[in-house]
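Asker: Sending over entry-v2.pdb (PDB, C-alpha atoms).
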ATOM      1  CA  MET E 184      -2.085-214.379 -92.074
ATOM      2  CA  SER E 185      -4.023-217.677 -92.341
ATOM      3  CA  ALA E 186      -2.626-220.705 -94.172
ATOM      4  CA  SER E 187      -5.187-220.374 -96.979
ATOM      5  CA  VAL E 188      -4.395-216.694 -97.508
ATOM      6  CA  SER E 189      -0.630-217.161 -97.220
ATOM      7  CA  GLY E 190      -0.878-219.652-100.090
ATOM      8  CA  LEU E 191      -1.775-216.761-102.402
ATOM      9  CA  PHE E 192       1.657-215.171-101.966
ATOM     10  CA  SER E 193       5.333-216.032-102.226
ATOM     11  CA  GLN E 194       6.760-213.812 -99.498
ATOM     12  CA  VAL E 195       9.870-211.817-100.448
ATOM     13  CA  ILE E 196      10.318-209.769 -97.250
ATOM     14  CA  PRO E 197       8.534-209.931 -93.871
ATOM     15  CA  ASP E 198       5.290-207.940 -93.593
ATOM     16  CA  ASP E 199       6.697-205.780 -90.808
ATOM     17  CA  VAL E 200       9.545-204.398 -92.939
ATOM     18  CA  HIS E 201       8.214-201.118 -94.308
ATOM     19  CA  THR E 202       8.636-197.390 -94.197
ATOM     20  CA  HIS E 203       5.521-195.532 -93.190
ATOM     21  CA  VAL E 204       4.271-192.115 -92.222
ATOM     22  CA  LYS E 205       1.889-192.221 -89.286
ATOM     23  CA  ILE E 206      -0.424-189.421 -88.195
ATOM     24  CA  SER E 207      -2.567-189.494 -85.065
ATOM     25  CA  ILE E 208      -5.747-187.513 -84.492
ATOM     26  CA  ILE E 209      -6.751-187.005 -80.853
ATOM     27  CA  GLY E 210     -10.487-186.360 -80.683
ATOM     28  CA  VAL E 211     -13.061-187.657 -83.201
ATOM     29  CA  GLY E 212     -15.665-184.936 -82.948
ATOM     30  CA  LYS E 213     -16.811-182.934 -85.975
ATOM     31  CA  VAL E 214     -13.423-181.220 -86.367
ATOM     32  CA  GLY E 215     -11.329-184.319 -85.726
ATOM     33  CA  MET E 216     -13.222-186.303 -88.344
ATOM     34  CA  ALA E 217     -13.068-183.465 -90.888
ATOM     35  CA  VAL E 218      -9.284-183.464 -90.406
ATOM     36  CA  SER E 219      -9.145-187.266 -90.712
ATOM     37  CA  PHE E 220     -11.312-187.288 -93.839
ATOM     38  CA  SER E 221      -9.287-184.527 -95.509
ATOM     39  CA  ILE E 222      -6.008-186.344 -94.773
ATOM     40  CA  LEU E 223      -7.528-189.559 -96.132
ATOM     41  CA  LEU E 224      -8.581-187.853 -99.377
ATOM     42  CA  GLN E 225      -5.131-186.359 -99.887
ATOM     43  CA  GLY E 226      -3.483-189.759 -99.504
ATOM     44  CA  ILE E 227      -0.467-188.198 -97.805
ATOM     45  CA  VAL E 228       0.029-190.779 -95.037
ATOM     46  CA  SER E 229       0.275-194.550 -94.814
ATOM     47  CA  GLU E 230      -1.198-194.903 -91.328
ATOM     48  CA  LEU E 231      -3.881-192.988 -89.452
ATOM     49  CA  ALA E 232      -4.568-193.525 -85.746
ATOM     50  CA  LEU E 233      -7.682-192.150 -84.040
ATOM     51  CA  VAL E 234      -7.996-191.692 -80.277
ATOM     52  CA  ASP E 235     -11.025-190.677 -78.226
ATOM     53  CA  THR E 236     -12.722-191.529 -74.935
ATOM     54  CA  GLN E 237     -16.031-192.485 -76.633
ATOM     55  CA  LYS E 238     -15.305-196.066 -77.654
ATOM     56  CA  ASP E 239     -18.444-196.779 -79.701
ATOM     57  CA  LYS E 240     -18.281-193.568 -81.702
ATOM     58  CA  LEU E 241     -14.551-194.050 -82.179
ATOM     59  CA  LEU E 242     -14.956-197.537 -83.628
ATOM     60  CA  GLY E 243     -17.887-196.433 -85.755
ATOM     61  CA  GLU E 244     -15.879-193.581 -87.275
ATOM     62  CA  MET E 245     -12.951-195.924 -87.942
ATOM     63  CA  MET E 246     -15.185-198.438 -89.736
ATOM     64  CA  ASP E 247     -16.858-195.715 -91.772
ATOM     65  CA  LEU E 248     -13.459-194.539 -93.056
ATOM     66  CA  GLN E 249     -12.161-198.068 -93.601
ATOM     67  CA  HIS E 250     -15.123-199.006 -95.771
ATOM     68  CA  GLY E 251     -14.174-196.360 -98.346
ATOM     69  CA  GLN E 252     -10.633-197.663 -98.775
ATOM     70  CA  ALA E 253     -11.362-199.353-102.112
ATOM     71  CA  PHE E 254     -11.884-195.915-103.684
ATOM     72  CA  LEU E 255      -8.740-194.260-102.336
ATOM     73  CA  ARG E 256      -5.081-194.911-101.726
ATOM     74  CA  THR E 257      -4.924-197.675 -99.123
ATOM     75  CA  ILE E 258      -4.138-196.337 -95.660
ATOM     76  CA  LYS E 259      -4.002-198.341 -92.456
ATOM     77  CA  ILE E 260      -6.675-196.887 -90.174
ATOM     78  CA  GLN E 261      -6.815-197.814 -86.492
ATOM     79  CA  ALA E 262      -8.746-196.502 -83.504
ATOM     80  CA  ASP E 263      -8.583-197.034 -79.775
ATOM     81  CA  THR E 264      -9.124-195.315 -76.443
ATOM     82  CA  ASP E 265      -5.565-196.363 -75.526
ATOM     83  CA  PHE E 266      -2.819-193.935 -76.584
ATOM     84  CA  SER E 267      -0.442-196.789 -77.353
ATOM     85  CA  ILE E 268      -2.079-196.892 -80.772
ATOM     86  CA  THR E 269      -0.362-193.582 -81.565
ATOM     87  CA  ARG E 270       3.126-195.036 -81.095
ATOM     88  CA  GLY E 271       5.678-193.727 -83.590
ATOM     89  CA  SER E 272       3.545-190.887 -84.997
ATOM     90  CA  LYS E 273       5.272-188.263 -87.118
ATOM     91  CA  ILE E 274       2.556-185.709 -86.358
ATOM     92  CA  CYS E 275      -0.145-185.670 -83.650
ATOM     93  CA  VAL E 276      -3.136-183.391 -84.202
ATOM     94  CA  VAL E 277      -5.104-182.497 -81.065
ATOM     95  CA  THR E 278      -8.740-181.509 -81.617
ATOM     96  CA  ALA E 279     -10.081-182.850 -78.305
ATOM     97  CA  GLY E 280     -11.598-180.564 -75.710
ATOM     98  CA  ALA E 281     -14.770-179.639 -73.897
ATOM     99  CA  LYS E 282     -17.361-177.349 -75.472
ATOM    100  CA  ILE E 283     -18.677-174.332 -73.615
ATOM    101  CA  LYS E 284     -21.977-174.977 -71.847
ATOM    102  CA  HIS E 285     -24.817-172.573 -71.193
ATOM    103  CA  GLY E 286     -23.927-170.331 -68.269
ATOM    104  CA  GLU E 287     -20.304-171.396 -68.287
ATOM    105  CA  THR E 288     -17.564-168.751 -68.406
ATOM    106  CA  GLU E 289     -14.569-168.870 -70.759
ATOM    107  CA  GLU E 290     -12.306-169.252 -67.729
ATOM    108  CA  GLN E 291     -14.218-172.342 -66.616
ATOM    109  CA  LEU E 292     -13.993-173.806 -70.119
ATOM    110  CA  LEU E 293     -10.256-173.113 -70.247
ATOM    111  CA  GLU E 294      -9.730-174.837 -66.899
ATOM    112  CA  LYS E 295     -11.583-177.926 -68.145
ATOM    113  CA  ASN E 296      -9.553-178.073 -71.343
ATOM    114  CA  ILE E 297      -6.266-177.605 -69.496
ATOM    115  CA  ASN E 298      -7.197-180.664 -67.414
ATOM    116  CA  VAL E 299      -7.987-182.549 -70.631
ATOM    117  CA  PHE E 300      -4.549-181.604 -71.972
ATOM    118  CA  LYS E 301      -2.877-182.777 -68.768
ATOM    119  CA  SER E 302      -4.038-186.289 -69.612
ATOM    120  CA  ILE E 303      -3.586-186.083 -73.394
ATOM    121  CA  ILE E 304      -0.194-184.444 -73.964
ATOM    122  CA  PRO E 305       1.968-186.658 -71.683
ATOM    123  CA  ASN E 306       0.427-189.752 -73.296
ATOM    124  CA  ILE E 307       1.218-188.473 -76.774
ATOM    125  CA  ILE E 308       4.843-187.798 -75.829
ATOM    126  CA  LYS E 309       5.126-191.184 -74.097
ATOM    127  CA  TYR E 310       4.498-193.011 -77.379
ATOM    128  CA  SER E 311       5.710-190.432 -79.935
ATOM    129  CA  PRO E 312       8.534-188.416 -78.345
ATOM    130  CA  ASP E 313       9.781-187.229 -81.743
ATOM    131  CA  CYS E 314       6.432-186.016 -83.077
ATOM    132  CA  THR E 315       5.323-182.542 -84.090
ATOM    133  CA  LEU E 316       2.241-181.378 -82.164
ATOM    134  CA  ILE E 317      -0.500-179.444 -83.947
ATOM    135  CA  ILE E 318      -3.047-177.950 -81.556
ATOM    136  CA  VAL E 319      -6.508-177.179 -82.940
ATOM    137  CA  SER E 320      -8.524-177.186 -79.677
ATOM    138  CA  ASN E 321      -9.738-173.816 -78.390
ATOM    139  CA  PRO E 322      -8.717-171.424 -76.983
ATOM    140  CA  VAL E 323      -5.912-172.357 -79.340
ATOM    141  CA  ASP E 324      -3.309-169.736 -78.326
ATOM    142  CA  ILE E 325      -3.416-170.591 -74.623
ATOM    143  CA  LEU E 326      -3.698-174.344 -75.176
ATOM    144  CA  THR E 327      -0.703-174.327 -77.529
ATOM    145  CA  TRP E 328       1.321-172.709 -74.730
ATOM    146  CA  VAL E 329      -0.048-175.340 -72.314
ATOM    147  CA  ALA E 330       0.882-178.154 -74.740
ATOM    148  CA  TRP E 331       4.402-176.723 -75.097
ATOM    149  CA  LYS E 332       4.859-176.674 -71.326
ATOM    150  CA  LEU E 333       3.406-180.139 -70.760
ATOM    151  CA  SER E 334       5.239-181.793 -73.643
ATOM    152  CA  GLY E 335       8.746-180.509 -73.017
ATOM    153  CA  LEU E 336       9.200-180.354 -76.793
ATOM    154  CA  PRO E 337      11.264-177.617 -78.466
ATOM    155  CA  ARG E 338       9.236-174.615 -79.605
ATOM    156  CA  HIS E 339       9.420-175.485 -83.318
ATOM    157  CA  ARG E 340       7.622-178.803 -82.781
ATOM    158  CA  VAL E 341       4.567-177.354 -80.991
ATOM    159  CA  LEU E 342       2.289-175.156 -83.090
ATOM    160  CA  GLY E 343      -1.322-174.129 -83.131
ATOM    161  CA  SER E 344      -3.740-173.647 -86.018
ATOM    162  CA  GLY E 345      -4.043-170.029 -84.865
ATOM    163  CA  THR E 346      -5.169-167.550 -87.522
ATOM    164  CA  MET E 347      -4.333-169.749 -90.505
ATOM    165  CA  LEU E 348      -8.041-170.191 -91.247
ATOM    166  CA  ASP E 349      -8.828-166.546 -90.511
ATOM    167  CA  SER E 350      -6.110-165.558 -92.987
ATOM    168  CA  SER E 351      -7.824-167.800 -95.551
ATOM    169  CA  ARG E 352     -11.163-166.185 -94.778
ATOM    170  CA  PHE E 353      -9.477-162.784 -95.102
ATOM    171  CA  ARG E 354      -8.164-163.621 -98.565
ATOM    172  CA  PHE E 355     -11.508-165.051 -99.644
ATOM    173  CA  LEU E 356     -13.422-161.952 -98.557
ATOM    174  CA  LEU E 357     -10.824-159.684-100.169
ATOM    175  CA  SER E 358     -11.157-161.669-103.389
ATOM    176  CA  GLU E 359     -14.938-161.280-103.289
ATOM    177  CA  LYS E 360     -14.610-157.510-102.927
ATOM    178  CA  ILE E 361     -11.978-157.209-105.670
ATOM    179  CA  GLY E 362     -13.376-159.837-108.034
ATOM    180  CA  ILE E 363     -10.386-162.172-108.399
ATOM    181  CA  ALA E 364      -9.382-165.613-107.095
ATOM    182  CA  PRO E 365      -8.500-165.942-103.369
ATOM    183  CA  LYS E 366      -5.073-167.361-104.261
ATOM    184  CA  SER E 367      -4.243-164.064-105.990
ATOM    185  CA  CYS E 368      -4.917-162.061-102.819
ATOM    186  CA  HIS E 369      -2.078-161.883-100.301
ATOM    187  CA  GLY E 370      -2.679-160.839 -96.715
ATOM    188  CA  TYR E 371      -2.463-162.090 -93.154
ATOM    189  CA  ILE E 372      -4.415-162.005 -89.938
ATOM    190  CA  ILE E 373      -2.004-162.313 -86.984
ATOM    191  CA  GLY E 374      -2.048-162.071 -83.179
ATOM    192  CA  GLU E 375      -4.603-163.828 -81.003
ATOM    193  CA  LEU E 376      -7.499-165.726 -82.502
ATOM    194  CA  GLY E 377     -10.807-163.925 -82.105
ATOM    195  CA  ASP E 378     -12.103-160.382 -81.791
ATOM    196  CA  HIS E 379      -8.671-158.870 -81.124
ATOM    197  CA  SER E 380      -6.892-160.437 -84.106
ATOM    198  CA  VAL E 381      -4.758-158.058 -86.160
ATOM    199  CA  PRO E 382      -5.319-157.625 -89.916
ATOM    200  CA  VAL E 383      -2.008-156.652 -91.528
ATOM    201  CA  TRP E 384      -3.393-154.062 -93.935
ATOM    202  CA  SER E 385       0.063-152.567 -94.448
ATOM    203  CA  SER E 386       1.123-155.566 -96.548
ATOM    204  CA  VAL E 387      -2.115-156.662 -98.253
ATOM    205  CA  ASN E 388      -1.249-156.874-101.936
ATOM    206  CA  ILE E 389      -2.489-158.046-105.302
ATOM    207  CA  ALA E 390       0.251-159.232-107.684
ATOM    208  CA  GLY E 391       2.801-157.335-105.609
ATOM    209  CA  THR E 392       0.872-154.052-105.543
ATOM    210  CA  ARG E 393      -0.123-152.971-102.030
ATOM    211  CA  LEU E 394      -3.689-151.793-101.548
ATOM    212  CA  LYS E 395      -2.259-149.071 -99.292
ATOM    213  CA  ASP E 396      -0.306-147.682-102.244
ATOM    214  CA  LEU E 397      -3.478-147.435-104.294
ATOM    215  CA  HIS E 398      -5.718-146.367-101.431
ATOM    216  CA  PRO E 399      -3.828-145.066 -98.357
ATOM    217  CA  LEU E 400      -6.897-145.295 -96.103
ATOM    218  CA  THR E 401      -7.307-149.055 -96.638
ATOM    219  CA  GLY E 402      -8.381-150.617 -93.346
ATOM    220  CA  GLU E 403      -8.722-147.281 -91.532
ATOM    221  CA  ILE E 404     -11.876-146.299 -89.637
ATOM    222  CA  ASN E 405     -12.428-143.270 -91.861
ATOM    223  CA  ASP E 406     -11.972-145.240 -95.093
ATOM    224  CA  PRO E 407     -14.822-144.284 -97.478
ATOM    225  CA  GLU E 408     -14.442-147.655 -99.245
ATOM    226  CA  ASN E 409     -14.948-149.448 -95.904
ATOM    227  CA  TRP E 410     -12.208-152.077 -96.304
ATOM    228  CA  SER E 411     -12.173-152.557 -92.518
ATOM    229  CA  GLU E 412     -15.528-154.304 -92.902
ATOM    230  CA  VAL E 413     -13.617-157.238 -94.415
ATOM    231  CA  HIS E 414     -11.870-157.896 -91.096
ATOM    232  CA  LYS E 415     -15.145-157.569 -89.180
ATOM    233  CA  ASN E 416     -16.634-160.194 -91.480
ATOM    234  CA  VAL E 417     -13.642-162.463 -90.872
ATOM    235  CA  ILE E 418     -14.288-162.277 -87.122
ATOM    236  CA  ASN E 419     -18.021-162.839 -87.522
ATOM    237  CA  SER E 420     -17.831-165.590 -90.140
ATOM    238  CA  ALA E 421     -16.978-168.377 -87.685
ATOM    239  CA  SER E 422     -19.858-167.564 -85.327
ATOM    240  CA  GLU E 423     -22.186-167.098 -88.313
ATOM    241  CA  THR E 424     -21.253-170.540 -89.628
ATOM    242  CA  VAL E 425     -21.884-172.038 -86.185
ATOM    243  CA  SER E 426     -25.271-170.314 -85.917
ATOM    244  CA  LEU E 427     -26.268-171.656 -89.359
ATOM    245  CA  LYS E 428     -25.035-175.265 -89.169
ATOM    246  CA  GLY E 429     -24.100-175.734 -85.507
ATOM    247  CA  TYR E 430     -20.313-175.989 -85.902
ATOM    248  CA  THR E 431     -17.386-175.411 -88.257
ATOM    249  CA  SER E 432     -15.479-178.382 -89.594
ATOM    250  CA  TRP E 433     -14.744-178.718 -93.313
ATOM    251  CA  SER E 434     -12.594-175.604 -93.696
ATOM    252  CA  ILE E 435     -10.617-176.621 -90.596
ATOM    253  CA  GLY E 436     -10.177-180.130 -91.973
ATOM    254  CA  ILE E 437      -8.876-178.814 -95.300
ATOM    255  CA  MET E 438      -6.582-176.389 -93.476
ATOM    256  CA  ILE E 439      -5.005-178.981 -91.153
ATOM    257  CA  SER E 440      -4.547-181.593 -93.883
ATOM    258  CA  THR E 441      -2.800-178.911 -95.967
ATOM    259  CA  LEU E 442      -0.581-178.051 -92.999
ATOM    260  CA  VAL E 443       0.240-181.735 -92.394
ATOM    261  CA  ASN E 444       1.129-182.142 -96.073
ATOM    262  CA  SER E 445       3.400-179.091 -95.895
ATOM    263  CA  ILE E 446       5.273-180.560 -92.936
ATOM    264  CA  LEU E 447       5.634-184.027 -94.438
ATOM    265  CA  LYS E 448       6.903-182.640 -97.752
ATOM    266  CA  ASN E 449       9.100-179.919 -96.221
ATOM    267  CA  GLN E 450       7.389-177.371 -98.457
ATOM    268  CA  LYS E 451       8.594-174.205 -96.695
ATOM    269  CA  ILE E 452       5.223-172.507 -97.209
ATOM    270  CA  ILE E 453       4.344-169.553 -94.965
ATOM    271  CA  TYR E 454       1.185-169.800 -92.845
ATOM    272  CA  ALA E 455      -0.105-167.696 -89.943
ATOM    273  CA  LEU E 456       0.271-170.144 -87.042
ATOM    274  CA  THR E 457       0.397-170.016 -83.267
ATOM    275  CA  THR E 458       4.013-170.000 -82.117
ATOM    276  CA  LEU E 459       6.163-168.547 -79.356
ATOM    277  CA  ALA E 460       5.928-164.791 -80.019
ATOM    278  CA  GLN E 461       8.400-163.660 -77.383
ATOM    279  CA  GLY E 462      11.142-161.548 -78.933
ATOM    280  CA  TYR E 463       9.222-160.570 -82.052
ATOM    281  CA  HIS E 464       7.964-157.015 -82.664
ATOM    282  CA  GLY E 465       8.994-155.962 -79.152
ATOM    283  CA  ILE E 466       6.918-158.637 -77.371
ATOM    284  CA  LYS E 467       8.543-159.416 -74.017
ATOM    285  CA  GLU E 468       6.013-161.846 -72.562
ATOM    286  CA  GLU E 469       6.281-165.619 -72.974
ATOM    287  CA  VAL E 470       3.107-166.047 -74.998
ATOM    288  CA  PHE E 471       1.977-167.928 -78.079
ATOM    289  CA  LEU E 472       0.420-165.844 -80.860
ATOM    290  CA  SER E 473      -0.064-166.228 -84.605
ATOM    291  CA  LEU E 474       2.770-165.004 -86.786
ATOM    292  CA  PRO E 475       3.734-165.874 -90.384
ATOM    293  CA  CYS E 476       5.732-169.102 -90.033
ATOM    294  CA  VAL E 477       7.803-171.042 -92.547
ATOM    295  CA  ILE E 478       6.747-174.693 -92.347
ATOM    296  CA  GLY E 479       9.368-177.409 -92.699
ATOM    297  CA  GLU E 480       9.715-181.127 -91.988
ATOM    298  CA  LYS E 481      10.344-180.514 -88.276
ATOM    299  CA  GLY E 482       7.509-178.046 -87.741
ATOM    300  CA  ILE E 483       8.201-174.318 -87.685
ATOM    301  CA  ALA E 484      11.467-173.780 -89.553
ATOM    302  CA  ALA E 485      11.436-169.973 -89.207
ATOM    303  CA  VAL E 486       9.265-167.001 -88.298
ATOM    304  CA  PHE E 487       8.980-164.450 -91.088
ATOM    305  CA  ASN E 488      10.102-160.973 -89.990
ATOM    306  CA  GLN E 489       7.065-159.105 -91.222
ATOM    307  CA  ASN E 490       7.244-155.345 -91.699
ATOM    308  CA  LEU E 491       4.374-154.010 -89.586
ATOM    309  CA  SER E 492       3.071-150.507 -89.125
ATOM    310  CA  GLN E 493       3.388-148.968 -85.668
ATOM    311  CA  ASP E 494      -0.354-149.341 -85.165
ATOM    312  CA  GLU E 495      -0.190-153.047 -86.028
ATOM    313  CA  ILE E 496       2.731-153.545 -83.634
ATOM    314  CA  GLU E 497       0.802-151.872 -80.813
ATOM    315  CA  LYS E 498      -2.241-154.063 -81.477
ATOM    316  CA  LEU E 499      -0.012-157.150 -81.460
ATOM    317  CA  LYS E 500       1.441-156.097 -78.103
ATOM    318  CA  ILE E 501      -2.086-155.758 -76.721
ATOM    319  CA  CYS E 502      -2.730-159.356 -77.843
ATOM    320  CA  ALA E 503       0.412-160.456 -76.009
ATOM    321  CA  HIS E 504      -0.640-158.604 -72.863
ATOM    322  CA  ASN E 505      -4.123-160.167 -73.010
ATOM    323  CA  GLN E 506      -2.693-163.667 -73.334
ATOM    324  CA  PHE E 507      -0.117-163.159 -70.600
ATOM    325  CA  LYS E 508      -2.778-162.047 -68.098
ATOM    326  CA  ILE E 509      -4.470-165.423 -68.631
ATOM    327  CA  ILE E 510      -1.247-167.453 -68.576
ATOM    328  CA  GLU E 511      -0.199-165.903 -65.232
ATOM    329  CA  LYS E 512      -3.187-167.621 -63.585
ATOM    330  CA  ILE E 513      -2.523-171.064 -65.042
ATOM    331  CA  LYS E 514      -0.950-173.759 -62.891
ATOM    332  CA  ILE E 515       0.670-176.559 -64.884
TER     333      ILE E 515
END
When written as structure tokens, how does the structure in this file appear?
Answerer:
Amino acid sequence: MSASVSGLFSQVIPDDVHTHVKISIIGVGKVGMAVSFSILLQGIVSELALVDTQKDKLLGEMMDLQHGQAFLRTIKIQADTDFSITRGSKICVVTAGAKIKHGETEEQLLEKNINVFKSIIPNIIKYSPDCTLIIVSNPVDILTWVAWKLSGLPRHRVLGSGTMLDSSRFRFLLSEKIGIAPKSCHGYIIGELGDHSVPVWSSVNIAGTRLKDLHPLTGEINDPENWSEVHKNVINSASETVSLKGYTSWSIGIMISTLVNSILKNQKIIYALTTLAQGYHGIKEEVFLSLPCVIGEKGIAAVFNQNLSQDEIEKLKICAHNQFKIIEKIKI
């Protein structure tokens, strides 16, 4: 503080004596900035650190956010290519990763992103050993497992965004079909993110009344009301959004900022998130899949023991088998 500025104040305590909540975002692409912007709007943190390898873009994004501070709760915003800026973070959100290129296989993309994580995760833990890791990068289920292995953190402090957004899409599409608000529809998509995700039709309910009780064929192939189309639309909605605007970002940003808020406030809300699935519903493999998780101040406080139908359990086991086949080939 300069002499002229210091003359404006009569200091009571040193500037460095404060309690703060610091969140770090690794990767300032479309998703990373949507997460940052959503967190900024919610005003739930006192410090936001941004990390990326693209220095110019990184600094530009930081300045763009800083210049809106007069209209929001004041938050200290910093950015650097050096991970030391993340020191002391309560939560680190990882959105960084390579995008699939034309002619590239999913295995090649996964290998590239595993290498990215090998440089990112140890650096995060070096400066924030007590943080909770939220993985958003894709393929999220595999990369959450990779982050868990690389970080050495306990299972409850490493989680992936998983099917949290797909569950939101599920509720929205159900609400459109029924004609009520999405918040009044209750249902989950679990398992692996993507085409093989598992809609839990057995517990979809409106105000406590299961759709299966009203219409036993809900979600079945031979359902004359075609409820299964809702899940197909959930799967297709992400790719449709990408084909229309080139990427998805805002819904992910809202989702992650909501998740961060739930952790910071120990809200004990249940979300479908990527977590260690071994031991649940007869899954024997060490894999990470989405299950309904209770969110607390230290990450995943509990996994909800959902009552699944036998068909849903079998589909979940197929997800586990699919993931394990990939994990077996990974060298950490």
Asker: Go ahead and compute the interatomic distance for CA of Ile308 (chain E) and CA of Tyr463 (chain E), in Å to one decimal.
Answerer: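 Computed distance, CA of Ile308 (chain E) to CA of Tyr463 (chain E), equals 28.3 Å.
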Asker: I'd like the residues picked by the PyMOL selection byres ((chain E and resi 234) around 7) written out as a PyMOL selection string, using the chain letters and numbers from the file.
Answerer: chain E and resi 208-210+232-233+235+262-264+266
Asker: Take the residues that were just selected and, keeping C-alpha atoms, output them as a PDB file, in the frame of the given file.
Answerer:
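This went into selection.pdb:
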ATOM      1  CA  ILE E 208      -5.747-187.513 -84.492  1.00  0.00           C
ATOM      2  CA  ILE E 209      -6.751-187.005 -80.853  1.00  0.00           C
ATOM      3  CA  GLY E 210     -10.487-186.360 -80.683  1.00  0.00           C
ATOM      4  CA  ALA E 232      -4.568-193.525 -85.746  1.00  0.00           C
ATOM      5  CA  LEU E 233      -7.682-192.150 -84.040  1.00  0.00           C
ATOM      6  CA  ASP E 235     -11.025-190.677 -78.226  1.00  0.00           C
ATOM      7  CA  ALA E 262      -8.746-196.502 -83.504  1.00  0.00           C
ATOM      8  CA  ASP E 263      -8.583-197.034 -79.775  1.00  0.00           C
ATOM      9  CA  THR E 264      -9.124-195.315 -76.443  1.00  0.00           C
ATOM     10  CA  PHE E 266      -2.819-193.935 -76.584  1.00  0.00           C
TER      11      PHE E 266
END
Asker: For region 289-365 of chain E against region 276-282 of chain E, with a cut-off of 9 Å and counting only C-alpha atoms, what is the closest atom pair and its distance in Å to one decimal for every residue that makes the cut, ordered by chain and number, as a tab-separated table?
Answerer:
residue	atom	partner	partner_atom	distance
E:Leu292	CA	E:Ala281	CA	7.0
E:Leu293	CA	E:Ala281	CA	8.7
E:Lys295	CA	E:Ala281	CA	6.8
E:Asn296	CA	E:Gly280	CA	5.4
E:Ile297	CA	E:Gly280	CA	8.7
E:Val299	CA	E:Gly280	CA	6.5
E:Phe300	CA	E:Gly280	CA	8.0
E:Ile303	CA	E:Val277	CA	8.6
E:Ile304	CA	E:Val277	CA	8.9
E:Thr315	CA	E:Val276	CA	8.5
E:Leu316	CA	E:Val276	CA	6.1
E:Ile317	CA	E:Val276	CA	4.8
E:Ile318	CA	E:Val277	CA	5.0
E:Val319	CA	E:Thr278	CA	5.0
E:Ser320	CA	E:Thr278	CA	4.7
E:Asn321	CA	E:Gly280	CA	7.5
Asker: Take the residues from that selection and put them in a file with C-alpha atoms, as an mmCIF file, in the coordinates of the input.
Answerer:
data_model
loop_
_atom_site.group_PDB
_atom_site.id
_atom_site.type_symbol
_atom_site.label_atom_id
_atom_site.label_comp_id
_atom_site.auth_asym_id
_atom_site.auth_seq_id
_atom_site.Cartn_x
_atom_site.Cartn_y
_atom_site.Cartn_z
ATOM 1 C CA LEU E 292 -13.993 -173.806 -70.119
ATOM 2 C CA LEU E 293 -10.256 -173.113 -70.247
ATOM 3 C CA LYS E 295 -11.583 -177.926 -68.145
ATOM 4 C CA ASN E 296 -9.553 -178.073 -71.343
ATOM 5 C CA ILE E 297 -6.266 -177.605 -69.496
ATOM 6 C CA VAL E 299 -7.987 -182.549 -70.631
ATOM 7 C CA PHE E 300 -4.549 -181.604 -71.972
ATOM 8 C CA ILE E 303 -3.586 -186.083 -73.394
ATOM 9 C CA ILE E 304 -0.194 -184.444 -73.964
ATOM 10 C CA THR E 315 5.323 -182.542 -84.090
ATOM 11 C CA LEU E 316 2.241 -181.378 -82.164
ATOM 12 C CA ILE E 317 -0.500 -179.444 -83.947
ATOM 13 C CA ILE E 318 -3.047 -177.950 -81.556
ATOM 14 C CA VAL E 319 -6.508 -177.179 -82.940
ATOM 15 C CA SER E 320 -8.524 -177.186 -79.677
ATOM 16 C CA ASN E 321 -9.738 -173.816 -78.390
#
Asker: From the set E:Lys481, E:Lys284, E:Lys240, E:Lys467, which residue has the shortest atom-to-atom contact distance to Leu447 (chain E), counting all atoms listed in the file?
Answerer: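 For Leu447 (chain E), the nearest of the candidates is E:Lys481.
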Asker: Could you tell me which residues the PyMOL selection byres ((chain E and resi 450) around 12) grabs in this file, written as a list in words?
Answerer: Thr441, Leu442, Val443, Asn444, Ser445, Ile446, Leu447, Lys448, Asn449, Lys451, Ile452, Ile453, Tyr454, Cys476, Val477, Ile478, Gly479, Glu480, Lys481, Gly482, Ile483 and Ala484 of chain E
Asker: Mind giving me the straight-line distance from CA of Gly362 (chain E) to CA of Glu423 (chain E) in Å, one decimal?
Answerer: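 Going from CA of Gly362 (chain E) over to CA of Glu423 (chain E), I get 22.8 Å.
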Asker: As JSON, what would the box around region 327-330 of chain E look like: edges along x, y and z, 5 Å added on every side, centre and edge lengths in Å to one decimal?
Answerer:
{"center_x": 0.3, "center_y": -175.4, "center_z": -74.9, "size_x": 12.0, "size_y": 15.4, "size_z": 15.2}
